[in-house]
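Reproduced below: run20.cif, with mmCIF, C-alpha atoms.
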```cif
data_upload
loop_
_atom_site.label_atom_id
_atom_site.label_comp_id
_atom_site.auth_asym_id
_atom_site.auth_seq_id
_atom_site.Cartn_x
_atom_site.Cartn_y
_atom_site.Cartn_z
CA MET T 1 0.00 0.00 0.00
CA ARG T 2 1.04 3.64 -0.42
CA GLY T 3 1.37 6.01 2.52
CA VAL T 4 2.08 9.73 2.95
CA VAL T 5 5.31 10.51 4.82
CA PHE T 6 6.40 13.90 6.22
CA CYS T 7 10.13 14.19 5.51
CA GLY T 8 10.71 17.58 7.17
CA ASP T 9 11.25 21.06 5.73
CA ARG T 10 7.86 20.93 4.00
CA GLU T 11 8.77 17.87 1.94
CA ILE T 12 6.36 14.97 1.43
CA GLU T 13 6.89 11.57 -0.10
CA ILE T 14 4.40 8.84 -0.98
CA ARG T 15 6.11 5.56 -0.15
CA GLU T 16 5.27 1.89 -0.44
CA PHE T 17 4.57 -0.03 2.77
CA PRO T 18 3.49 -3.66 3.30
CA ASP T 19 -0.20 -4.17 4.00
CA PRO T 20 -0.55 -4.64 7.77
CA THR T 21 -1.64 -7.89 9.41
CA PRO T 22 -3.35 -7.72 12.83
CA GLY T 23 -1.68 -9.42 15.78
CA PRO T 24 -3.39 -10.49 19.02
CA GLY T 25 -5.75 -7.79 20.24
CA GLU T 26 -5.31 -5.75 17.06
CA VAL T 27 -7.47 -4.78 14.12
CA VAL T 28 -6.81 -3.46 10.64
CA VAL T 29 -9.02 -0.57 9.57
CA GLU T 30 -9.55 0.12 5.88
CA MET T 31 -9.38 3.89 5.60
CA LYS T 32 -12.30 5.72 4.05
CA ALA T 33 -11.34 9.23 5.18
CA SER T 34 -8.25 10.67 6.85
CA GLY T 35 -8.40 14.29 7.94
CA MET T 36 -5.81 17.06 7.78
CA CYS T 37 -5.27 18.75 11.14
CA GLY T 38 -3.44 21.96 12.01
CA SER T 39 -1.02 20.05 14.20
CA ASP T 40 0.10 18.15 11.07
CA LEU T 41 1.87 21.36 10.10
CA HIS T 42 4.32 20.97 13.00
CA GLN T 43 5.57 17.75 11.42
CA TYR T 44 5.31 19.11 7.89
CA ARG T 45 7.44 22.16 8.78
CA ARG T 46 9.90 20.53 11.20
CA PRO T 47 13.57 20.72 10.25
CA LYS T 48 15.03 17.56 8.82
CA GLY T 49 16.80 15.66 11.56
CA GLY T 50 14.75 17.38 14.28
CA ALA T 51 14.82 15.63 17.65
CA SER T 52 11.10 15.74 18.45
CA VAL T 53 7.69 16.75 17.23
CA GLY T 54 5.18 17.96 19.81
CA GLY T 55 7.39 16.67 22.61
CA LEU T 56 7.50 13.15 21.13
CA PRO T 57 10.76 11.63 19.87
CA VAL T 58 10.85 11.35 16.10
CA ASN T 59 10.60 7.74 14.93
CA PRO T 60 13.82 6.96 13.04
CA ASP T 61 11.84 4.92 10.52
CA PRO T 62 9.46 6.41 7.93
CA VAL T 63 6.04 6.93 9.51
CA ILE T 64 2.72 7.26 7.70
CA ALA T 65 1.09 10.58 8.56
CA GLY T 66 -2.50 11.33 9.50
CA HIS T 67 -4.03 11.26 12.99
CA GLU T 68 -7.71 11.64 12.03
CA PRO T 69 -8.45 8.12 10.75
CA CYS T 70 -11.92 6.83 9.93
CA GLY T 71 -13.03 3.74 8.04
CA ILE T 72 -14.30 0.19 8.37
CA VAL T 73 -12.83 -2.81 10.14
CA ALA T 74 -11.17 -5.01 7.52
CA ALA T 75 -9.48 -7.67 9.69
CA VAL T 76 -9.31 -8.67 13.36
CA GLY T 77 -6.56 -10.43 15.26
CA ALA T 78 -6.71 -13.22 17.78
CA GLY T 79 -8.57 -12.45 20.98
CA VAL T 80 -10.68 -9.62 19.54
CA GLY T 81 -14.31 -10.32 20.37
CA GLU T 82 -17.34 -9.15 18.41
CA LYS T 83 -18.18 -6.63 21.11
CA GLN T 84 -14.82 -4.98 20.46
CA ALA T 85 -14.80 -5.06 16.67
CA ARG T 86 -16.43 -6.88 13.79
CA ILE T 87 -15.63 -7.00 10.10
CA GLY T 88 -17.36 -4.19 8.24
CA GLN T 89 -17.99 -2.06 11.34
CA ARG T 90 -17.80 1.72 10.77
CA VAL T 91 -15.24 3.16 13.20
CA MET T 92 -13.15 6.12 14.22
CA VAL T 93 -9.81 5.72 15.99
CA HIS T 94 -8.74 7.29 19.28
CA HIS T 95 -5.24 7.87 18.01
CA TYR T 96 -3.18 7.14 21.13
CA LYS T 97 -1.76 4.11 22.91
CA GLY T 98 -0.16 4.08 26.36
CA CYS T 99 0.70 1.31 28.79
CA THR T 100 -2.99 0.20 28.78
CA VAL T 101 -3.07 -0.56 32.53
CA CYS T 102 -2.62 2.74 34.41
CA ASN T 103 -5.63 4.75 35.56
CA HIS T 104 -5.30 7.22 32.70
CA CYS T 105 -5.24 4.49 30.06
CA ARG T 106 -8.07 2.58 31.71
CA SER T 107 -10.26 5.69 31.78
CA GLY T 108 -9.80 6.38 28.07
CA TRP T 109 -7.02 8.98 28.43
CA SER T 110 -4.16 6.99 26.90
CA GLN T 111 -2.38 10.20 25.88
CA LEU T 112 -1.89 11.05 29.58
CA CYS T 113 -0.06 7.78 30.34
CA GLN T 114 2.94 8.42 32.60
CA ARG T 115 4.35 4.89 32.64
CA GLU T 116 5.83 4.68 29.16
CA PRO T 117 6.21 6.81 26.02
CA ILE T 118 2.88 6.97 24.23
CA ALA T 119 2.29 6.04 20.62
CA VAL T 120 0.48 8.70 18.62
CA TYR T 121 -0.81 7.30 15.36
CA GLY T 122 0.21 9.63 12.55
CA ASN T 123 3.09 11.08 14.60
CA ASN T 124 5.53 8.50 15.94
CA ALA T 125 3.48 5.49 14.74
CA HIS T 126 1.76 4.81 11.43
CA GLY T 127 -1.39 6.88 10.84
CA GLY T 128 -4.31 7.09 8.48
CA HIS T 129 -2.90 8.60 5.27
CA ALA T 130 -2.80 5.18 3.64
CA ARG T 131 -5.19 2.43 2.59
CA TYR T 132 -4.93 0.50 5.87
CA LEU T 133 -4.13 1.24 9.52
CA LYS T 134 -3.32 -1.35 12.20
CA VAL T 135 -4.28 -0.37 15.77
CA PRO T 136 -5.24 -2.06 19.06
CA ALA T 137 -8.94 -2.91 19.15
CA PHE T 138 -9.43 -0.78 22.28
CA THR T 139 -8.68 2.39 20.27
CA LEU T 140 -11.80 1.98 18.12
CA VAL T 141 -14.76 4.32 18.61
CA PRO T 142 -17.99 3.45 16.78
CA LEU T 143 -19.04 5.84 14.02
CA PRO T 144 -22.81 6.50 14.04
CA ASP T 145 -24.54 5.53 10.81
CA GLU T 146 -25.85 9.08 10.43
CA LEU T 147 -22.33 10.51 10.07
CA SER T 148 -20.10 10.43 7.01
CA PHE T 149 -16.58 9.06 7.16
CA SER T 150 -15.31 12.61 6.66
CA ALA T 151 -17.26 13.80 9.70
CA GLY T 152 -15.83 10.89 11.67
CA ALA T 153 -12.33 11.93 10.65
CA ALA T 154 -12.95 15.48 11.91
CA ILE T 155 -14.31 14.21 15.22
CA SER T 156 -11.19 12.03 15.56
CA CYS T 157 -9.16 15.14 16.36
CA GLY T 158 -10.09 18.70 15.31
CA THR T 159 -13.81 18.73 16.09
CA GLY T 160 -13.34 16.38 19.05
CA THR T 161 -10.65 18.67 20.47
CA ALA T 162 -12.99 21.66 20.22
CA TYR T 163 -15.78 19.70 21.89
CA GLY T 164 -13.49 18.56 24.69
CA ALA T 165 -12.41 22.14 25.41
CA LEU T 166 -15.98 23.47 25.48
CA ARG T 167 -17.01 20.71 27.85
CA ARG T 168 -14.04 21.39 30.14
CA MET T 169 -15.11 25.04 30.29
CA ARG T 170 -18.70 23.98 31.00
CA LEU T 171 -20.05 26.24 28.27
CA SER T 172 -23.75 27.04 28.46
CA GLY T 173 -26.27 29.12 26.57
CA ASN T 174 -25.79 31.90 29.12
CA ASP T 175 -22.19 32.45 28.07
CA THR T 176 -20.38 34.68 25.64
CA ILE T 177 -17.26 32.94 24.35
CA ALA T 178 -14.42 34.51 22.40
CA ILE T 179 -12.56 32.05 20.17
CA PHE T 180 -9.10 33.07 18.99
CA GLY T 181 -8.18 31.36 15.72
CA GLN T 182 -10.64 30.05 13.15
CA GLY T 183 -8.68 27.20 11.67
CA PRO T 184 -10.22 23.72 11.72
CA VAL T 185 -10.30 23.50 15.55
CA GLY T 186 -11.44 27.08 16.11
CA LEU T 187 -14.13 26.85 13.45
CA SER T 188 -15.33 23.59 14.98
CA ALA T 189 -15.50 25.35 18.35
CA THR T 190 -17.54 28.14 16.78
CA GLN T 191 -19.95 25.64 15.23
CA LEU T 192 -20.34 23.60 18.42
CA ALA T 193 -20.57 26.58 20.79
CA ALA T 194 -23.30 28.10 18.64
CA ALA T 195 -25.15 24.77 18.73
CA MET T 196 -24.85 24.81 22.53
CA GLY T 197 -26.60 28.20 22.56
CA ALA T 198 -23.64 30.43 23.40
CA ARG T 199 -22.89 33.83 21.90
CA VAL T 200 -19.69 33.45 19.87
CA ILE T 201 -17.15 36.14 19.00
CA ALA T 202 -14.56 34.84 16.53
CA PHE T 203 -11.03 36.15 15.96
CA ASP T 204 -8.69 35.50 13.04
CA ILE T 205 -6.35 37.40 10.73
CA SER T 206 -7.73 35.68 7.61
CA PRO T 207 -10.78 37.35 6.02
CA GLU T 208 -11.73 34.02 4.46
CA ARG T 209 -11.76 32.28 7.84
CA LEU T 210 -13.69 35.11 9.48
CA ASN T 211 -16.34 34.86 6.77
CA ARG T 212 -16.63 31.14 7.41
CA ALA T 213 -16.92 31.75 11.17
CA LYS T 214 -19.90 34.00 10.49
CA GLU T 215 -21.49 31.26 8.38
CA PHE T 216 -20.88 28.77 11.21
CA GLY T 217 -22.73 30.78 13.82
CA ALA T 218 -20.41 33.52 15.10
CA ASP T 219 -22.36 36.54 16.27
CA ALA T 220 -19.40 38.85 15.63
CA THR T 221 -15.95 38.60 14.06
CA ILE T 222 -12.77 40.55 14.78
CA ASP T 223 -9.51 40.83 12.85
CA PRO T 224 -6.86 41.48 15.53
CA ARG T 225 -4.59 43.15 12.97
CA SER T 226 -7.08 45.94 12.31
CA ASN T 227 -8.37 46.26 15.87
CA ASP T 228 -7.08 46.18 19.42
CA PRO T 229 -8.56 42.71 20.01
CA VAL T 230 -9.13 43.14 23.75
CA ALA T 231 -10.68 46.60 23.36
CA ALA T 232 -12.87 45.36 20.51
CA LEU T 233 -14.01 42.41 22.62
CA LYS T 234 -14.84 44.60 25.60
CA GLU T 235 -16.80 46.94 23.36
CA LEU T 236 -19.01 43.99 22.44
CA THR T 237 -19.40 42.85 26.06
CA HIS T 238 -20.43 46.00 27.94
CA GLY T 239 -16.82 46.72 28.87
CA GLU T 240 -16.47 43.48 30.83
CA GLY T 241 -14.87 40.94 28.50
CA ALA T 242 -16.08 37.46 27.64
CA ASP T 243 -17.28 34.86 30.14
CA LEU T 244 -15.07 32.31 28.42
CA THR T 245 -12.16 32.59 26.02
CA LEU T 246 -10.56 29.84 23.96
CA ASP T 247 -7.21 30.07 22.18
CA THR T 248 -6.80 27.65 19.30
CA SER T 249 -4.20 29.74 17.46
CA GLY T 250 -1.16 28.67 19.47
CA VAL T 251 0.50 32.04 18.85
CA PRO T 252 1.65 34.14 21.83
CA GLU T 253 -0.41 37.17 20.80
CA GLY T 254 -3.56 35.08 20.63
CA ARG T 255 -2.95 33.59 24.05
CA VAL T 256 -2.31 36.98 25.66
CA ALA T 257 -5.47 38.40 24.08
CA ALA T 258 -7.47 35.39 25.28
CA VAL T 259 -6.28 35.94 28.85
CA ARG T 260 -6.82 39.69 28.82
CA GLY T 261 -10.14 39.41 26.99
CA ALA T 262 -11.70 37.23 29.69
CA LYS T 263 -13.79 39.08 32.25
CA VAL T 264 -13.33 39.11 36.02
CA TRP T 265 -14.13 35.60 37.33
CA GLY T 266 -13.83 34.40 33.73
CA THR T 267 -12.21 31.27 32.34
CA CYS T 268 -9.57 31.01 29.63
CA CYS T 269 -8.70 27.74 27.91
CA PHE T 270 -5.58 26.97 25.86
CA VAL T 271 -5.85 24.38 23.08
CA GLY T 272 -3.34 25.56 20.49
CA GLU T 273 -0.02 23.68 20.62
CA ARG T 274 3.52 25.02 20.86
CA ASN T 275 5.05 28.42 21.65
CA THR T 276 5.06 30.29 24.96
CA VAL T 277 3.13 33.10 26.63
CA THR T 278 4.27 35.87 28.97
CA LEU T 279 1.72 37.30 31.40
CA ASP T 280 1.61 39.78 34.24
CA VAL T 281 0.51 37.55 37.09
CA SER T 282 -1.05 40.37 39.10
CA SER T 283 -3.05 42.29 36.49
CA ASP T 284 -3.76 39.43 34.10
CA LEU T 285 -4.55 36.71 36.61
CA LEU T 286 -4.81 37.53 40.31
CA ARG T 287 -6.73 40.80 40.04
CA LYS T 288 -9.30 39.06 37.83
CA GLN T 289 -9.68 35.83 39.80
CA LEU T 290 -9.09 34.23 36.41
CA THR T 291 -9.23 30.49 35.82
CA ILE T 292 -6.85 29.16 33.17
CA ILE T 293 -7.25 25.61 31.99
CA ALA T 294 -5.54 23.50 29.36
CA SER T 295 -7.30 20.95 27.20
CA TRP T 296 -5.40 18.32 25.23
CA THR T 297 -7.73 16.63 22.76
CA PHE T 298 -10.22 14.22 24.46
CA SER T 299 -10.68 10.76 25.88
CA SER T 300 -12.04 7.85 23.87
CA ILE T 301 -15.26 8.28 25.86
CA GLY T 302 -15.33 11.99 25.00
CA GLN T 303 -14.83 11.16 21.33
CA ALA T 304 -17.91 8.93 21.35
CA GLU T 305 -19.83 11.61 23.27
CA CYS T 306 -18.91 14.22 20.65
CA ALA T 307 -20.16 11.95 17.86
CA ARG T 308 -23.47 11.48 19.69
CA PHE T 309 -23.83 15.23 20.26
CA VAL T 310 -23.18 15.99 16.60
CA THR T 311 -25.65 13.30 15.55
CA ASP T 312 -28.42 14.28 17.98
CA ARG T 313 -28.15 18.00 17.17
CA LYS T 314 -27.83 17.32 13.43
CA ILE T 315 -24.68 19.45 13.20
CA ASP T 316 -23.27 19.48 9.67
CA VAL T 317 -19.61 18.77 10.42
CA ASP T 318 -19.00 18.09 6.73
CA ARG T 319 -19.31 21.83 6.09
CA LEU T 320 -15.88 22.21 7.69
CA PHE T 321 -14.26 20.69 4.61
CA THR T 322 -13.34 23.03 1.79
CA HIS T 323 -11.00 20.57 0.07
CA ARG T 324 -11.20 16.84 -0.59
CA TRP T 325 -8.12 15.09 -1.89
CA ARG T 326 -6.71 11.78 -3.07
CA LEU T 327 -3.49 10.48 -1.50
CA ALA T 328 -1.61 11.15 -4.74
CA GLN T 329 -2.36 14.87 -4.23
CA ALA T 330 -0.77 15.03 -0.78
CA GLU T 331 2.01 17.42 -1.76
CA GLU T 332 -0.45 19.89 -3.29
CA ALA T 333 -2.87 19.46 -0.38
CA TYR T 334 -0.36 20.32 2.34
CA ARG T 335 1.19 23.14 0.33
CA LEU T 336 -2.25 24.79 0.27
CA PHE T 337 -3.07 23.89 3.89
CA ASP T 338 0.25 25.45 4.97
CA LYS T 339 -1.05 28.88 3.95
CA GLN T 340 -3.63 28.65 6.78
CA THR T 341 -6.33 30.56 4.94
CA THR T 342 -8.57 27.65 3.88
CA GLY T 343 -10.97 25.40 5.72
CA LYS T 344 -10.31 21.79 6.56
CA GLY T 345 -8.97 19.21 4.12
CA VAL T 346 -9.51 15.45 4.01
CA PHE T 347 -8.11 12.54 2.04
CA LEU T 348 -10.78 10.21 0.69
CA MET T 349 -9.83 6.64 -0.19
#
```
Would you put the structure from the file into structure tokens?
Amino acid sequence: MRGVVFCGDREIEIREFPDPTPGPGEVVVEMKASGMCGSDLHQYRRPKGGASVGGLPVNPDPVIAGHEPCGIVAAVGAGVGEKQARIGQRVMVHHYKGCTVCNHCRSGWSQLCQREPIAVYGNNAHGGHARYLKVPAFTLVPLPDELSFSAGAAISCGTGTAYGALRRMRLSGNDTIAIFGQGPVGLSATQLAAAMGARVIAFDISPERLNRAKEFGADATIDPRSNDPVAALKELTHGEGADLTLDTSGVPEGRVAAVRGAKVWGTCCFVGERNTVTLDVSSDLLRKQLTIIASWTFSSIGQAECARFVTDRKIDVDRLFTHRWRLAQAEEAYRLFDKQTTGKGVFLM
């Protein structure tokens, strides 16, 4: 089979790999859709020979990219019962594996495992940008029949990450939330927060992304390059700031604005990866009784919960996708995605 490999310095190769065979407790999933996520760009842009990506050691062997896999079960290994997986079942993948026995792993938070280095499918272990993906059966999350494979791919990271953050902040219809960054995760947060009844104020430097945020339910949009983002936010919130703020941009300026744009007794959540932030502890935090939380993706249980929420509320997650690609177009797809002005992309097999 062919698989997409990030080589570093914005280079991509499509290489041949043997079709996987499931071992005990494993399954092989035939990919139907594999999403493109903003965090892919860290691997795409990393220098050749870099020591780590996202804090994980780089696998010395070529690794198939893609951590938003969705498809159907094609083969099961020994010891996998029908309640775990069955041939032809529509599934998403919770794209992490830890020690499997610690409390974090047992509660569906494999990415928080402290006992051994975790495997992240599409990062330091083979991912979904190929015809097949071999994973432990416990990583599978059922895909509701009402959802497309593309929607399942989005829920497998970007949309699921947005949902996890909103749930951690306990968003309600009483809240005004400011969302900094309207890439795939931020736009998902805008769509979900609007469905939860909140008032959404969306920030981005891309006019195209701000227009999409408006289409996805944002009540107001702000370009921080043409406005003082905190002043503009306070003008829309009676001088107080937002109840909740969410940074998905990962850039220091976005994080600072998210902290300073939250009102007294407000909550700020960081989702965007990488970089640093410098704050004045007294004025930015203590004097506001501010709560800052961090949200790293979601548990396998949270992934299933997100899929149910999207299904029950009839949220059109497929609208996130502006580009649909074949694997042979991977170089073109990531070159465009790297500009960070488009919506979400997905590879369809």
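With distances restricted to all atoms listed in the file, T:Ser300 is the closest residue to Thr139 in chain T from T:Ser283, T:Thr159, T:Ser300, T:Thr322.
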Within 6 Å of range 175-177 of chain T using only C-alpha atoms, minus same-chain residues under 6 positions, as an NGL selection string: :T and (198-200 or 242-245)
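Residues in contact with Ile292 in chain T at up to 7 Å, not including ones fewer than 4 positions away on its chain and judged by all atoms listed in the file, are Thr267, Cys268 and Cys269 of chain T.
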How big is the axis-aligned box around the listed atoms of range 251-270 of chain T once 5 Å is added on each side, and where is its centre? Give both in Å to one decimal, as lines of an AutoDock Vina configuration file.
```
center_x = -6.2
center_y = 33.3
center_z = 28.1
size_x = 25.8
size_y = 22.7
size_z = 28.5
```
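Remark: for Ala258 in chain T, the closest of the candidate residues T:Cys99, T:Ile301, T:Ile179, T:Val271 is T:Ile179 (distances computed over only C-alpha atoms).
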Between T:Lys214, T:Lys48, T:Lys32, T:Lys97, smallest distance to Ala74 in chain T by all atoms listed in the file belongs to T:Lys32
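Taking CA of Glu240 in chain T as the reference point, CA of Pro252 in chain T is found at 22.3 Å.
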